$ cat structure33.cif   # mmCIF, C-alpha atoms
data_query
#
loop_
_atom_site.label_atom_id
_atom_site.label_comp_id
_atom_site.auth_asym_id
_atom_site.auth_seq_id
_atom_site.Cartn_x
_atom_site.Cartn_y
_atom_site.Cartn_z
CA MET F 1 23.20 -0.85 25.29
CA ASP F 2 24.30 0.76 22.07
CA THR F 3 23.02 4.21 21.31
CA ILE F 4 21.95 4.89 17.74
CA ILE F 5 23.37 8.39 17.32
CA SER F 6 26.16 9.92 19.35
CA PRO F 7 24.96 11.84 22.42
CA ILE F 8 27.10 14.88 21.54
CA ALA F 9 25.32 15.32 18.20
CA LEU F 10 21.96 14.76 19.88
CA TYR F 11 22.56 17.40 22.56
CA LEU F 12 23.92 19.84 19.97
CA ILE F 13 20.72 19.41 17.96
CA CYS F 14 18.62 19.94 21.08
CA VAL F 15 20.51 23.12 22.07
CA LEU F 16 20.23 24.49 18.52
CA GLY F 17 16.53 23.71 18.43
CA ALA F 18 15.95 25.31 21.84
CA ILE F 19 17.70 28.54 20.83
CA GLY F 20 15.86 28.57 17.51
CA LEU F 21 12.44 28.01 19.03
CA ALA F 22 13.04 30.51 21.85
CA LEU F 23 13.87 33.15 19.23
CA ALA F 24 11.04 32.16 16.91
CA LEU F 25 8.27 32.42 19.53
CA PRO F 26 6.17 35.54 19.06
CA ARG F 27 7.89 38.73 20.19
CA ARG F 28 8.01 42.34 19.15
CA ASN F 29 11.19 42.18 17.11
CA LYS F 30 10.49 40.35 13.85
CA ILE F 31 14.16 39.89 12.87
CA PHE F 32 14.70 37.47 15.74
CA GLU F 33 11.74 35.43 14.59
CA ILE F 34 13.26 34.81 11.15
CA THR F 35 16.68 33.94 12.61
CA GLY F 36 15.02 31.61 15.11
CA GLY F 37 12.99 29.92 12.40
CA LEU F 38 16.13 29.32 10.33
CA LEU F 39 17.97 27.89 13.36
CA LEU F 40 15.05 25.60 14.18
CA ALA F 41 14.78 24.40 10.58
CA GLY F 42 18.53 23.77 10.62
CA SER F 43 18.32 21.70 13.79
CA ILE F 44 15.43 19.61 12.40
CA GLY F 45 17.37 19.03 9.18
CA LEU F 46 20.51 18.15 11.14
CA ALA F 47 18.58 15.64 13.24
CA VAL F 48 17.18 13.90 10.15
CA LEU F 49 20.62 13.94 8.53
CA VAL F 50 22.37 12.43 11.57
CA LEU F 51 19.70 9.73 11.86
CA GLY F 52 20.07 8.90 8.17
CA LEU F 53 23.87 8.78 8.42
CA SER F 54 23.73 6.42 11.39
CA ALA F 55 21.36 4.20 9.39
CA THR F 56 23.77 3.91 6.48
CA GLU F 57 26.67 3.39 8.91
CA SER F 58 25.01 0.45 10.64
CA GLY F 59 23.95 -1.02 7.30
CA GLN F 60 20.23 -0.91 8.14
CA PRO F 61 17.84 0.31 5.46
CA LEU F 62 16.72 3.93 5.46
CA PRO F 63 13.03 4.57 6.00
CA ASN F 64 10.80 4.98 2.97
CA PHE F 65 11.70 8.11 1.00
CA PHE F 66 8.27 9.65 1.65
CA PHE F 67 9.06 9.69 5.35
CA TYR F 68 11.31 12.73 4.88
CA PRO F 69 8.80 15.16 3.34
CA PHE F 70 6.12 14.06 5.81
CA ALA F 71 8.42 14.39 8.83
CA ILE F 72 9.72 17.80 7.78
CA LEU F 73 6.19 18.99 7.00
CA ALA F 74 4.87 17.73 10.36
CA LEU F 75 7.67 19.28 12.43
CA GLY F 76 7.79 22.52 10.45
CA ALA F 77 4.02 22.98 10.64
CA SER F 78 3.94 22.24 14.37
CA ALA F 79 6.76 24.74 14.94
CA ARG F 80 4.89 27.36 12.93
CA MET F 81 1.71 26.49 14.81
CA ILE F 82 3.17 27.39 18.19
CA THR F 83 5.01 30.45 16.86
CA HIS F 84 2.29 32.02 14.72
CA PRO F 85 0.73 35.01 16.50
CA ARG F 86 -2.73 34.50 15.02
CA PRO F 87 -4.87 31.68 16.45
CA VAL F 88 -6.68 30.93 13.16
CA TYR F 89 -3.37 30.36 11.38
CA SER F 90 -2.24 28.19 14.29
CA ALA F 91 -5.30 25.98 13.82
CA LEU F 92 -4.70 25.75 10.07
CA TYR F 93 -1.04 24.81 10.63
CA PHE F 94 -2.22 22.15 13.05
CA ILE F 95 -4.40 20.68 10.27
CA LEU F 96 -1.25 20.55 8.13
CA THR F 97 0.57 18.72 10.95
CA ILE F 98 -2.25 16.19 11.14
CA ILE F 99 -2.27 15.57 7.41
CA ALA F 100 1.51 15.07 7.44
CA SER F 101 1.26 12.62 10.33
CA CYS F 102 -1.49 10.80 8.41
CA GLY F 103 1.10 10.30 5.69
CA MET F 104 3.39 8.74 8.27
CA TYR F 105 0.55 6.49 9.47
CA LEU F 106 0.18 5.29 5.88
CA LEU F 107 3.91 4.53 5.71
CA LEU F 108 3.50 2.55 8.94
CA SER F 109 0.70 0.60 7.19
CA ALA F 110 -2.07 1.86 9.46
CA GLU F 111 -4.45 2.85 6.68
CA PHE F 112 -7.65 2.92 8.66
CA MET F 113 -6.25 5.18 11.36
CA ALA F 114 -4.78 7.52 8.73
CA PHE F 115 -8.15 8.17 7.13
CA ALA F 116 -10.02 8.18 10.44
CA LEU F 117 -7.58 10.84 11.63
CA VAL F 118 -8.26 13.05 8.62
CA ILE F 119 -12.02 12.73 9.09
CA ILE F 120 -12.19 13.08 12.86
CA TYR F 121 -9.31 15.45 13.61
CA ALA F 122 -8.96 17.63 10.55
CA GLY F 123 -12.63 17.37 9.64
CA ALA F 124 -14.45 17.59 12.95
CA ILE F 125 -12.35 18.65 15.93
CA LEU F 126 -10.33 21.35 14.17
CA ILE F 127 -13.38 22.87 12.50
CA THR F 128 -14.96 23.19 15.96
CA TYR F 129 -11.80 24.92 17.14
CA LEU F 130 -11.92 27.29 14.17
CA PHE F 131 -15.55 28.12 14.96
CA VAL F 132 -14.75 28.99 18.56
CA ILE F 133 -11.70 31.04 17.56
CA MET F 134 -13.79 33.06 15.14
CA LEU F 135 -16.62 33.46 17.66
CA ALA F 136 -14.33 34.62 20.44
CA THR F 137 -12.02 36.89 18.48
CA GLN F 138 -13.24 40.45 18.17
CA ALA F 139 -12.85 42.23 14.88
CA PRO F 140 -9.95 44.70 15.09
CA SER F 141 -11.24 48.23 15.45
CA SER F 142 -10.03 50.55 12.72
CA ALA F 143 -8.96 53.12 15.30
CA SER F 144 -6.21 50.92 16.69
CA GLU F 145 -3.50 50.11 14.18
CA GLN F 146 -2.60 46.97 16.07
CA LEU F 147 -3.98 44.02 14.12
CA ILE F 148 -2.82 41.29 16.46
CA ASP F 149 -4.18 41.02 19.97
CA GLU F 150 -1.73 41.80 22.76
CA THR F 151 -2.44 38.31 24.16
CA ASP F 152 -0.97 36.61 21.13
CA ALA F 153 1.74 39.08 20.19
CA VAL F 154 4.23 38.27 22.96
CA ALA F 155 5.06 34.84 24.34
CA ARG F 156 5.26 34.19 28.07
CA GLU F 157 8.68 33.02 29.37
CA PRO F 158 9.93 31.67 26.00
CA ILE F 159 13.49 30.91 27.18
CA LEU F 160 12.48 28.98 30.29
CA ALA F 161 9.87 26.96 28.40
CA CYS F 162 12.30 26.10 25.60
CA VAL F 163 14.96 24.99 28.08
CA ILE F 164 12.43 22.75 29.86
CA GLY F 165 11.05 21.38 26.59
CA PHE F 166 14.35 20.59 24.94
CA VAL F 167 15.84 19.07 28.11
CA LEU F 168 12.81 16.76 28.03
CA LEU F 169 13.42 16.05 24.32
CA ALA F 170 17.09 15.26 25.00
CA ILE F 171 16.17 12.86 27.81
CA LEU F 172 13.41 11.20 25.78
CA THR F 173 15.53 10.69 22.68
CA THR F 174 18.57 9.50 24.67
CA ALA F 175 16.46 6.90 26.42
CA MET F 176 14.74 5.81 23.21
CA PHE F 177 17.87 5.60 21.07
CA ARG F 178 19.66 3.58 23.74
CA GLY F 179 16.89 1.07 24.30
CA ILE F 180 15.54 0.65 20.82
CA GLY F 181 18.30 -1.67 19.60
CA ASP F 182 17.51 -4.11 22.39
CA LEU F 183 13.83 -4.43 21.55
CA PRO F 184 12.97 -8.02 20.62
CA GLN F 185 12.29 -8.19 16.91
CA PRO F 186 9.31 -10.39 16.10
CA THR F 187 9.77 -12.69 13.14
CA THR F 188 7.38 -11.81 10.36
CA ALA F 189 6.37 -15.41 9.72
CA GLN F 190 5.36 -16.03 13.33
CA GLN F 191 3.45 -12.80 13.51
CA GLN F 192 1.69 -13.46 10.24
CA LEU F 193 0.62 -16.85 11.53
CA ALA F 194 -0.72 -15.32 14.72
CA GLN F 195 -2.49 -12.52 12.89
CA ASP F 196 -3.99 -14.65 10.15
CA SER F 197 -5.51 -16.84 12.82
CA VAL F 198 -8.00 -13.96 13.12
CA LEU F 199 -9.50 -15.45 9.94
CA ILE F 200 -10.54 -18.60 11.82
CA ASN F 201 -13.00 -16.47 13.76
CA LEU F 202 -14.49 -14.90 10.63
CA PRO F 203 -16.03 -17.89 8.77
CA ARG F 204 -18.45 -15.81 6.67
CA LYS F 205 -15.64 -13.57 5.44
CA VAL F 206 -13.68 -16.69 4.49
CA ASP F 207 -16.74 -17.98 2.62
CA ARG F 208 -17.03 -14.73 0.69
CA ILE F 209 -13.35 -14.59 -0.29
CA LEU F 210 -13.32 -18.24 -1.36
CA ASP F 211 -16.49 -17.73 -3.38
CA ARG F 212 -15.01 -14.73 -5.20
CA ALA F 213 -11.78 -16.60 -5.85
CA GLY F 214 -13.76 -19.44 -7.44
CA VAL F 215 -12.69 -22.09 -4.94
CA LEU F 216 -16.25 -22.81 -3.79
CA GLN F 217 -18.81 -24.47 -6.05
CA ASP F 218 -22.59 -24.30 -5.61
CA HIS F 219 -23.95 -25.16 -2.15
CA GLU F 220 -20.47 -25.28 -0.69
CA ARG F 221 -19.06 -23.51 2.34
CA VAL F 222 -16.21 -23.75 4.81
CA VAL F 223 -16.78 -26.30 7.55
CA ARG F 224 -17.64 -24.70 10.88
CA ASN F 225 -16.09 -26.27 13.95
CA ASP F 226 -18.24 -26.87 17.04
CA ASP F 227 -17.31 -23.47 18.49
CA GLY F 228 -18.31 -21.66 15.29
CA THR F 229 -14.78 -21.11 13.97
CA ALA F 230 -13.86 -21.85 10.37
CA ALA F 231 -12.00 -25.09 9.70
CA LEU F 232 -8.83 -23.47 8.35
CA ASP F 233 -5.35 -24.81 8.98
CA ILE F 234 -3.36 -21.58 8.91
CA ALA F 235 0.07 -23.20 9.34
CA ASN F 236 -0.37 -25.82 6.61
CA ARG F 237 -2.62 -23.62 4.47
CA THR F 238 -5.43 -26.13 3.99
CA ILE F 239 -9.16 -25.40 3.93
CA THR F 240 -11.88 -27.92 4.70
CA ILE F 241 -15.00 -27.38 2.59
CA GLU F 242 -18.40 -29.07 2.94
CA ASN F 243 -21.28 -29.38 0.52
CA THR F 244 -24.41 -28.42 2.43
CA ASP F 245 -26.73 -30.39 0.12
CA LEU F 246 -24.88 -33.68 -0.20
CA GLY F 247 -23.02 -33.54 3.11
CA THR F 248 -19.71 -34.40 1.45
CA ILE F 249 -16.49 -32.91 2.77
CA ARG F 250 -13.32 -32.17 0.80
CA THR F 251 -10.00 -30.55 1.71
CA VAL F 252 -8.30 -27.95 -0.43
CA GLY F 253 -4.52 -27.70 -0.34
CA PRO F 254 -2.19 -24.71 -0.22
CA ASP F 255 -2.04 -24.46 -4.02
CA GLN F 256 -5.66 -23.32 -4.06
CA TRP F 257 -5.32 -20.93 -1.07
CA PRO F 258 -6.34 -17.55 -2.57
CA ASP F 259 -3.89 -14.65 -2.26
CA LYS F 260 -6.63 -12.46 -0.86
CA LEU F 261 -7.30 -14.81 2.04
CA ILE F 262 -5.32 -12.80 4.58
CA ALA F 263 -6.38 -10.84 7.63
CA GLY F 264 -6.09 -7.23 6.43
CA ASN F 265 -5.49 -4.18 8.54
CA LEU F 266 -9.20 -3.56 9.12
CA ASP F 267 -9.92 -7.17 10.09
CA ARG F 268 -7.10 -7.22 12.60
CA LEU F 269 -7.95 -3.82 14.02
CA GLY F 270 -11.65 -4.58 14.32
CA TYR F 271 -11.04 -8.00 15.81
CA ASN F 272 -8.51 -6.60 18.27
CA LEU F 273 -10.89 -3.80 19.27
CA MET F 274 -13.88 -6.06 19.82
CA ASN F 275 -12.10 -9.12 21.20
CA ASP F 276 -9.40 -7.66 23.42
CA HIS F 277 -10.80 -4.28 24.51
CA PRO F 278 -14.61 -4.58 24.70
CA MET F 279 -14.86 -2.86 28.10
CA THR F 280 -12.66 0.02 26.93
CA ILE F 281 -15.16 0.79 24.17
CA GLU F 282 -17.90 1.13 26.79
CA ILE F 283 -15.70 3.41 28.88
CA ALA F 284 -14.86 5.53 25.83
CA GLY F 285 -18.58 5.85 25.12
CA ILE F 286 -19.25 6.99 28.67
CA ILE F 287 -16.38 9.51 28.49
CA LEU F 288 -17.80 10.99 25.29
CA LEU F 289 -21.33 11.15 26.74
CA MET F 290 -20.09 12.82 29.91
CA ALA F 291 -18.03 15.30 27.88
CA MET F 292 -21.11 16.19 25.87
CA LEU F 293 -23.21 16.69 29.00
CA GLY F 294 -20.40 18.66 30.62
CA ALA F 295 -20.05 20.91 27.58
CA VAL F 296 -23.79 21.61 27.59
CA VAL F 297 -23.81 22.41 31.31
CA LEU F 298 -20.67 24.59 31.11
CA ALA F 299 -21.61 26.62 28.07
CA ARG F 300 -25.26 27.15 29.12
CA LYS F 301 -26.23 30.78 29.57
CA HIS F 302 -27.87 31.76 32.86
CA ILE F 303 -30.74 34.16 32.26
CA GLU F 304 -31.97 36.01 35.32
CA LEU F 305 -35.72 36.61 35.14
CA GLU F 306 -37.79 38.86 37.37
CA ASP F 307 -40.26 37.08 39.62
CA ASP F 308 -43.38 38.47 38.00
CA LEU F 309 -41.99 37.66 34.54
CA LYS F 310 -41.43 34.09 35.71
CA ALA F 311 -45.00 33.90 37.00
CA ALA F 312 -46.34 35.25 33.70
CA GLN F 313 -44.31 32.68 31.79
CA ALA F 314 -45.54 29.87 34.03
CA LYS F 315 -49.15 30.99 33.59
CA LYS F 316 -48.74 31.15 29.83
CA LEU F 317 -47.23 27.64 29.78
CA GLY F 318 -50.09 26.32 31.93
CA GLU F 319 -52.65 27.82 29.59
CA SER F 320 -51.15 26.37 26.45
CA MET F 321 -50.61 22.96 28.00
CA ASN F 322 -53.94 22.58 29.75
CA PRO F 323 -56.69 24.60 28.01
CA THR F 324 -59.61 22.65 29.61
CA VAL F 325 -58.79 23.96 33.12
CA GLU F 326 -59.01 27.49 31.85
CA ALA F 327 -62.33 26.74 30.13
CA GLY F 328 -63.74 25.15 33.31
CA LYS F 329 -62.85 28.19 35.42
CA ALA F 330 -64.64 30.46 33.01
CA MET A 1 9.93 3.67 -2.21
CA GLU A 2 7.31 0.97 -1.98
CA ILE A 3 4.52 1.45 0.51
CA THR A 4 3.02 -1.72 1.98
CA LEU A 5 -0.66 -1.37 2.70
CA ALA A 6 -1.59 -3.78 5.45
CA GLN A 7 -4.95 -4.28 3.77
CA MET A 8 -3.31 -6.02 0.81
CA ALA A 9 -0.30 -7.86 2.24
CA PHE A 10 1.31 -8.53 5.56
CA PRO A 11 3.96 -5.85 6.23
CA GLU A 12 7.59 -6.62 6.92
CA ALA A 13 9.02 -6.05 10.40
CA LEU A 14 10.33 -2.52 10.97
CA PRO A 15 14.12 -2.12 11.48
CA ALA A 16 15.18 -0.44 14.72
CA ILE A 17 16.71 2.59 13.01
CA THR A 18 13.49 3.30 11.11
CA MET A 19 11.61 3.12 14.41
CA ALA A 20 14.10 5.66 15.78
CA HIS A 21 13.19 8.08 12.96
CA TYR A 22 9.48 7.89 13.73
CA LEU A 23 10.02 8.09 17.48
CA PHE A 24 12.19 11.19 17.05
CA VAL A 25 9.42 12.91 15.10
CA SER A 26 6.83 11.90 17.70
CA ALA A 27 8.99 13.11 20.61
CA ALA A 28 9.68 16.41 18.83
CA MET A 29 5.96 16.92 18.18
CA PHE A 30 5.17 16.22 21.84
CA VAL A 31 7.83 18.65 23.05
CA MET A 32 6.65 21.39 20.69
CA GLY A 33 3.14 20.95 22.05
CA LEU A 34 4.52 21.24 25.58
CA ILE A 35 6.47 24.40 24.79
CA GLY A 36 3.45 25.88 23.05
CA PHE A 37 1.26 25.14 26.06
CA LEU A 38 3.76 26.84 28.38
CA THR A 39 4.43 29.94 26.29
CA ARG A 40 1.20 30.89 24.56
CA LYS A 41 -1.28 33.05 26.45
CA ASN A 42 -4.32 32.49 24.23
CA MET A 43 -6.45 29.77 25.85
CA ILE A 44 -7.62 28.27 22.54
CA VAL A 45 -4.04 27.96 21.27
CA MET A 46 -3.06 26.36 24.59
CA PHE A 47 -5.69 23.66 24.07
CA LEU A 48 -4.58 23.24 20.44
CA CYS A 49 -1.11 22.53 21.80
CA THR A 50 -2.47 19.73 23.99
CA GLU A 51 -3.93 18.25 20.80
CA LEU A 52 -0.44 18.42 19.29
CA MET A 53 0.85 16.45 22.28
CA PHE A 54 -1.88 13.83 21.65
CA GLN A 55 -0.66 13.61 18.05
CA GLY A 56 2.91 12.97 19.17
CA ALA A 57 1.76 10.20 21.50
CA GLY A 58 -0.42 8.70 18.74
CA LEU A 59 2.48 8.53 16.30
CA ALA A 60 4.61 6.72 18.87
CA LEU A 61 1.77 4.24 19.52
CA ILE A 62 1.37 3.49 15.82
CA ALA A 63 5.14 3.10 15.35
CA PHE A 64 5.44 0.65 18.26
CA GLY A 65 2.38 -1.25 17.07
CA ARG A 66 3.98 -1.58 13.65
CA HIS A 67 7.24 -2.72 15.21
CA HIS A 68 5.49 -5.55 17.05
CA LEU A 69 3.18 -6.19 14.06
CA ALA A 70 0.21 -6.04 16.42
CA ALA A 71 -3.05 -4.12 16.07
CA ASP A 72 -3.07 -2.88 19.68
CA GLY A 73 -1.21 0.32 18.82
CA GLN A 74 -3.91 1.34 16.36
CA THR A 75 -6.64 0.36 18.82
CA PHE A 76 -5.11 2.67 21.38
CA VAL A 77 -4.96 5.52 18.88
CA ILE A 78 -8.74 5.13 18.50
CA PHE A 79 -9.09 5.68 22.24
CA VAL A 80 -6.67 8.62 22.09
CA LEU A 81 -8.97 10.11 19.44
CA CYS A 82 -11.94 9.60 21.77
CA VAL A 83 -10.19 11.36 24.63
CA ALA A 84 -9.08 14.16 22.29
CA ALA A 85 -12.66 14.67 21.09
CA ALA A 86 -13.98 14.71 24.65
CA GLU A 87 -11.23 17.12 25.67
CA ALA A 88 -11.99 19.42 22.74
CA ALA A 89 -15.69 19.55 23.67
CA MET A 90 -14.99 20.30 27.33
CA ALA A 91 -12.13 22.71 26.66
CA LEU A 92 -14.08 24.76 24.14
CA ALA A 93 -17.12 24.96 26.43
CA LEU A 94 -14.79 26.11 29.20
CA VAL A 95 -13.17 28.70 26.95
CA VAL A 96 -16.56 30.07 25.93
CA LEU A 97 -17.60 30.25 29.60
CA LEU A 98 -14.40 32.06 30.61
CA PHE A 99 -14.64 34.39 27.60
CA ARG A 100 -18.13 35.46 28.67
CA HIS A 101 -16.78 36.46 32.09
CA LYS A 102 -13.78 38.55 31.08
CA GLU A 103 -14.27 39.27 27.35
CA THR A 104 -10.71 38.13 26.63
CA LEU A 105 -9.06 34.84 25.69
CA SER A 106 -5.90 35.61 27.64
CA ALA A 107 -5.00 33.12 30.33
CA GLN A 108 -3.29 36.04 32.14
CA ALA A 109 -6.71 37.51 32.89
CA TRP A 110 -7.19 34.64 35.35
CA LYS A 111 -3.81 34.90 37.05
CA GLU A 112 -5.36 35.72 40.41
CA LEU A 113 -6.42 32.05 40.55
CA HIS A 114 -3.65 30.58 42.67
CA GLY A 115 -3.78 26.88 43.49
#

$ encode --input "structure33.cif" --output "C-alpha cells"
Amino acid sequence: MDTIISPIALYLICVLGAIGLALALPRRNKIFEITGGLLLAGSIGLAVLVLGLSATESGQPLPNFFFYPFAILALGASARMITHPRPVYSALYFILTIIASCGMYLLLSAEFMAFALVIIYAGAILITYLFVIMLATQAPSSASEQLIDETDAVAREPILACVIGFVLLAILTTAMFRGIGDLPQPTTAQQQLAQDSVLINLPRKVDRILDRAGVLQDHERVVRNDDGTAALDIANRTITIENTDLGTIRTVGPDQWPDKLIAGNLDRLGYNLMNDHPMTIEIAGIILLMAMLGAVVLARKHIELEDDLKAAQAKKLGESMNPTVEAGKA
Amino acid sequence: MEITLAQMAFPEALPAITMAHYLFVSAAMFVMGLIGFLTRKNMIVMFLCTELMFQGAGLALIAFGRHHLAADGQTFVIFVLCVAAAEAAMALALVVLLFRHKETLSAQAWKELHG
C-alpha cells in the first residue's frame, strides 16, 4: 500500500487548482479570471512535475515525452472550455481537448480508437453541437452594448462547485495512486502469446500474410483444423502448410515465421468486439436507433390547424391519391 | 521518444507510474467536466461538459486496457462513443424543444421545475 506521490503535495495541488478554477470561472471582474487561470495552470504544472519527480525517484521510466504537451493541451483546453463565456468557443476548445486526448490514445497504442475519435467526436458530434449553438444563439442587437448573453457571463455557485469537484479529484487520485502499485503486471510474453492466438481464428489473413512474405508457393495454403482454425503453433512458432493440388503437407519452422505475422491492434480489437461482446453491439445499435427516434419525436414541431383547413387538406389528398373516384362521381 | 504502434509490433507493458500520469489526466478531465456541468447555466455548454466527462472515462479505459495488454478497454471506448452519440442526439433535440418554449438557453429559466 505505497502511495506514488505524497498526500500533502496532492492535496496542495487540489486546493490550488480549486482556487484557480473558482476564480477563473466566468464573472464580471476580468482581473480575477486571469489570476485564476494562472493559478490553475500552476497547479496543473505542479502536478505533472511532482508525478515526474516521483517517477525518477522510484527509478521507473518517465512516460513518452509527447505525453507532456498532450496532457497540458488537454487539461488547459478543458479548463478554458468550462471557463469561456461564449458557447461556440467552448465547443472549439472541446475539439482541442479531443485532439489532445487522441494524441494520448496514440501513445497508449490504441491507433484505431484515436482516429475513430477524431472522426466521430470532432467530426460529427461536435459539428452538430456547433450547429445547434449557432441556431439557438440570437445575434446581439446593436442597441445593447453587451455582447455576451447574461446566461453565460456569470457562473452559478463557482466556489461550491469547485470545492465539490476538487474534493472528488483528491479522493480519486488518492485511491488510484495508492492502489496502482499493487496492480498485477502481466508479462509481455504471456500476453503476446494469448493475443497472437487470435491469428489461429483468422486463417485467410494468415494465408494472405504468408503469401506476401513469400512463404507460400503456388496452390499452397495453411492447413485448416476441423473447427476451421489455422494450424499455427503460436508457442513454438511453426506453421503447417498443405498443397491443395498434390495433398502434401509440410511444416515451416520459426526461422521462416514472417515478422508481419502478428495480431495487430485492429485484429485484436475487431476479434474482441465480435467474439466477446456480440450482444453489446446489438444493444448499442438499439440505443442509437431509439435515440434517433427520440430526437425526431422531441424536436418535431406541432402545427395547430383549423378544422376546416384540415378537411380541405384531407380532400385535396384524397383527390390526388384517388382520381378515379372523383371522375366516377362526376 | 519512441511510439509503439500496436498495428506493427506488440507493445511493452506499461509501468505503474506511467499509468498514474494518464489516470491523473483522466480524473482531472472528468472533474473539470463535473465542475462545468454544475456552474454553467447555458444548457448546451452543460451537455458539452458531460461529453468532457465521457472523455475522461474513455482515457482511463484505454490506459487500463493498455496496462493489461487487452483489447477490452478499446472495445468499451467504442460503446462509450455510441452512448455519447445517442446522448448528443437526445440532448440537442431536448435543448431545441426547451429553446422553443422560453426563447432562452438558460437552465435558470426552468428553475420552477422542482423534483

$ atom_distance --input "structure33.cif" --atom1 "atom CA of Val198 of chain F" --atom2 "atom CA of Ile78 of chain A"
19.8 Å

$ residues_around --input "structure33.cif" --residues "segment 34-38 of chain A" --least-positions-apart "5" --cutoff "12 Å" --atoms "all atoms listed in the file" --output "PyMOL selection string"
(chain F and resi 17-18+21-22+24-26+78-85+90+152+155-169) or (chain A and resi 27-29+43-56+107)

$ write_last_selection --input "structure33.cif" --atoms "C-alpha atoms" --output "PDB file, keeping the file's coordinate frame"
ATOM      1  CA  GLY F  17      16.530  23.710  18.430  1.00  0.00           C
ATOM      2  CA  ALA F  18      15.950  25.310  21.840  1.00  0.00           C
ATOM      3  CA  LEU F  21      12.440  28.010  19.030  1.00  0.00           C
ATOM      4  CA  ALA F  22      13.040  30.510  21.850  1.00  0.00           C
ATOM      5  CA  ALA F  24      11.040  32.160  16.910  1.00  0.00           C
ATOM      6  CA  LEU F  25       8.270  32.420  19.530  1.00  0.00           C
ATOM      7  CA  PRO F  26       6.170  35.540  19.060  1.00  0.00           C
ATOM      8  CA  SER F  78       3.940  22.240  14.370  1.00  0.00           C
ATOM      9  CA  ALA F  79       6.760  24.740  14.940  1.00  0.00           C
ATOM     10  CA  ARG F  80       4.890  27.360  12.930  1.00  0.00           C
ATOM     11  CA  MET F  81       1.710  26.490  14.810  1.00  0.00           C
ATOM     12  CA  ILE F  82       3.170  27.390  18.190  1.00  0.00           C
ATOM     13  CA  THR F  83       5.010  30.450  16.860  1.00  0.00           C
ATOM     14  CA  HIS F  84       2.290  32.020  14.720  1.00  0.00           C
ATOM     15  CA  PRO F  85       0.730  35.010  16.500  1.00  0.00           C
ATOM     16  CA  SER F  90      -2.240  28.190  14.290  1.00  0.00           C
ATOM     17  CA  ASP F 152      -0.970  36.610  21.130  1.00  0.00           C
ATOM     18  CA  ALA F 155       5.060  34.840  24.340  1.00  0.00           C
ATOM     19  CA  ARG F 156       5.260  34.190  28.070  1.00  0.00           C
ATOM     20  CA  GLU F 157       8.680  33.020  29.370  1.00  0.00           C
ATOM     21  CA  PRO F 158       9.930  31.670  26.000  1.00  0.00           C
ATOM     22  CA  ILE F 159      13.490  30.910  27.180  1.00  0.00           C
ATOM     23  CA  LEU F 160      12.480  28.980  30.290  1.00  0.00           C
ATOM     24  CA  ALA F 161       9.870  26.960  28.400  1.00  0.00           C
ATOM     25  CA  CYS F 162      12.300  26.100  25.600  1.00  0.00           C
ATOM     26  CA  VAL F 163      14.960  24.990  28.080  1.00  0.00           C
ATOM     27  CA  ILE F 164      12.430  22.750  29.860  1.00  0.00           C
ATOM     28  CA  GLY F 165      11.050  21.380  26.590  1.00  0.00           C
ATOM     29  CA  PHE F 166      14.350  20.590  24.940  1.00  0.00           C
ATOM     30  CA  VAL F 167      15.840  19.070  28.110  1.00  0.00           C
ATOM     31  CA  LEU F 168      12.810  16.760  28.030  1.00  0.00           C
ATOM     32  CA  LEU F 169      13.420  16.050  24.320  1.00  0.00           C
TER      33      LEU F 169
ATOM     34  CA  ALA A  27       8.990  13.110  20.610  1.00  0.00           C
ATOM     35  CA  ALA A  28       9.680  16.410  18.830  1.00  0.00           C
ATOM     36  CA  MET A  29       5.960  16.920  18.180  1.00  0.00           C
ATOM     37  CA  MET A  43      -6.450  29.770  25.850  1.00  0.00           C
ATOM     38  CA  ILE A  44      -7.620  28.270  22.540  1.00  0.00           C
ATOM     39  CA  VAL A  45      -4.040  27.960  21.270  1.00  0.00           C
ATOM     40  CA  MET A  46      -3.060  26.360  24.590  1.00  0.00           C
ATOM     41  CA  PHE A  47      -5.690  23.660  24.070  1.00  0.00           C
ATOM     42  CA  LEU A  48      -4.580  23.240  20.440  1.00  0.00           C
ATOM     43  CA  CYS A  49      -1.110  22.530  21.800  1.00  0.00           C
ATOM     44  CA  THR A  50      -2.470  19.730  23.990  1.00  0.00           C
ATOM     45  CA  GLU A  51      -3.930  18.250  20.800  1.00  0.00           C
ATOM     46  CA  LEU A  52      -0.440  18.420  19.290  1.00  0.00           C
ATOM     47  CA  MET A  53       0.850  16.450  22.280  1.00  0.00           C
ATOM     48  CA  PHE A  54      -1.880  13.830  21.650  1.00  0.00           C
ATOM     49  CA  GLN A  55      -0.660  13.610  18.050  1.00  0.00           C
ATOM     50  CA  GLY A  56       2.910  12.970  19.170  1.00  0.00           C
ATOM     51  CA  ALA A 107      -5.000  33.120  30.330  1.00  0.00           C
TER      52      ALA A 107
END

$ residues_near_point --input "structure33.cif" --point "(-9.2, 31.1, 32.0)" --cutoff "9 Å" --atoms "all atoms listed in the file" --output "PyMOL selection string"
chain A and resi 43+94-95+97-99+102+104-111

$ write_last_selection --input "structure33.cif" --atoms "C-alpha atoms" --output "short mmCIF file (atom, residue, chain, number, x, y, z; two decimals), in the frame of the given file"
data_model
loop_
_atom_site.label_atom_id
_atom_site.label_comp_id
_atom_site.auth_asym_id
_atom_site.auth_seq_id
_atom_site.Cartn_x
_atom_site.Cartn_y
_atom_site.Cartn_z
CA MET A 43 -6.45 29.77 25.85
CA LEU A 94 -14.79 26.11 29.20
CA VAL A 95 -13.17 28.70 26.95
CA LEU A 97 -17.60 30.25 29.60
CA LEU A 98 -14.40 32.06 30.61
CA PHE A 99 -14.64 34.39 27.60
CA LYS A 102 -13.78 38.55 31.08
CA THR A 104 -10.71 38.13 26.63
CA LEU A 105 -9.06 34.84 25.69
CA SER A 106 -5.90 35.61 27.64
CA ALA A 107 -5.00 33.12 30.33
CA GLN A 108 -3.29 36.04 32.14
CA ALA A 109 -6.71 37.51 32.89
CA TRP A 110 -7.19 34.64 35.35
CA LYS A 111 -3.81 34.90 37.05
#

$ resolve_selection --input "structure33.cif" --expression "the PyMOL selection byres ((chain F and resi 30-43) around 6)" --output "ChimeraX atom specification"
/F:13,16-17,20-21,23-24,29,44-46

$ resolve_selection --input "structure33.cif" --expression "the PyMOL selection byres ((chain A and resi 3) around 12)" --output "VMD selection string"
(chain F and resid 63 to 67 103 to 111) or (chain A and resid 1 to 2 4 to 12)

$ axis_aligned_box --input "structure33.cif" --around "segment 291-297 of chain F" --padding-each-side "8 Å" --output "AutoDock Vina command-line options"
--center_x -20.9 --center_y 18.9 --center_z 28.6 --size_x 21.8 --size_y 23.1 --size_z 21.4
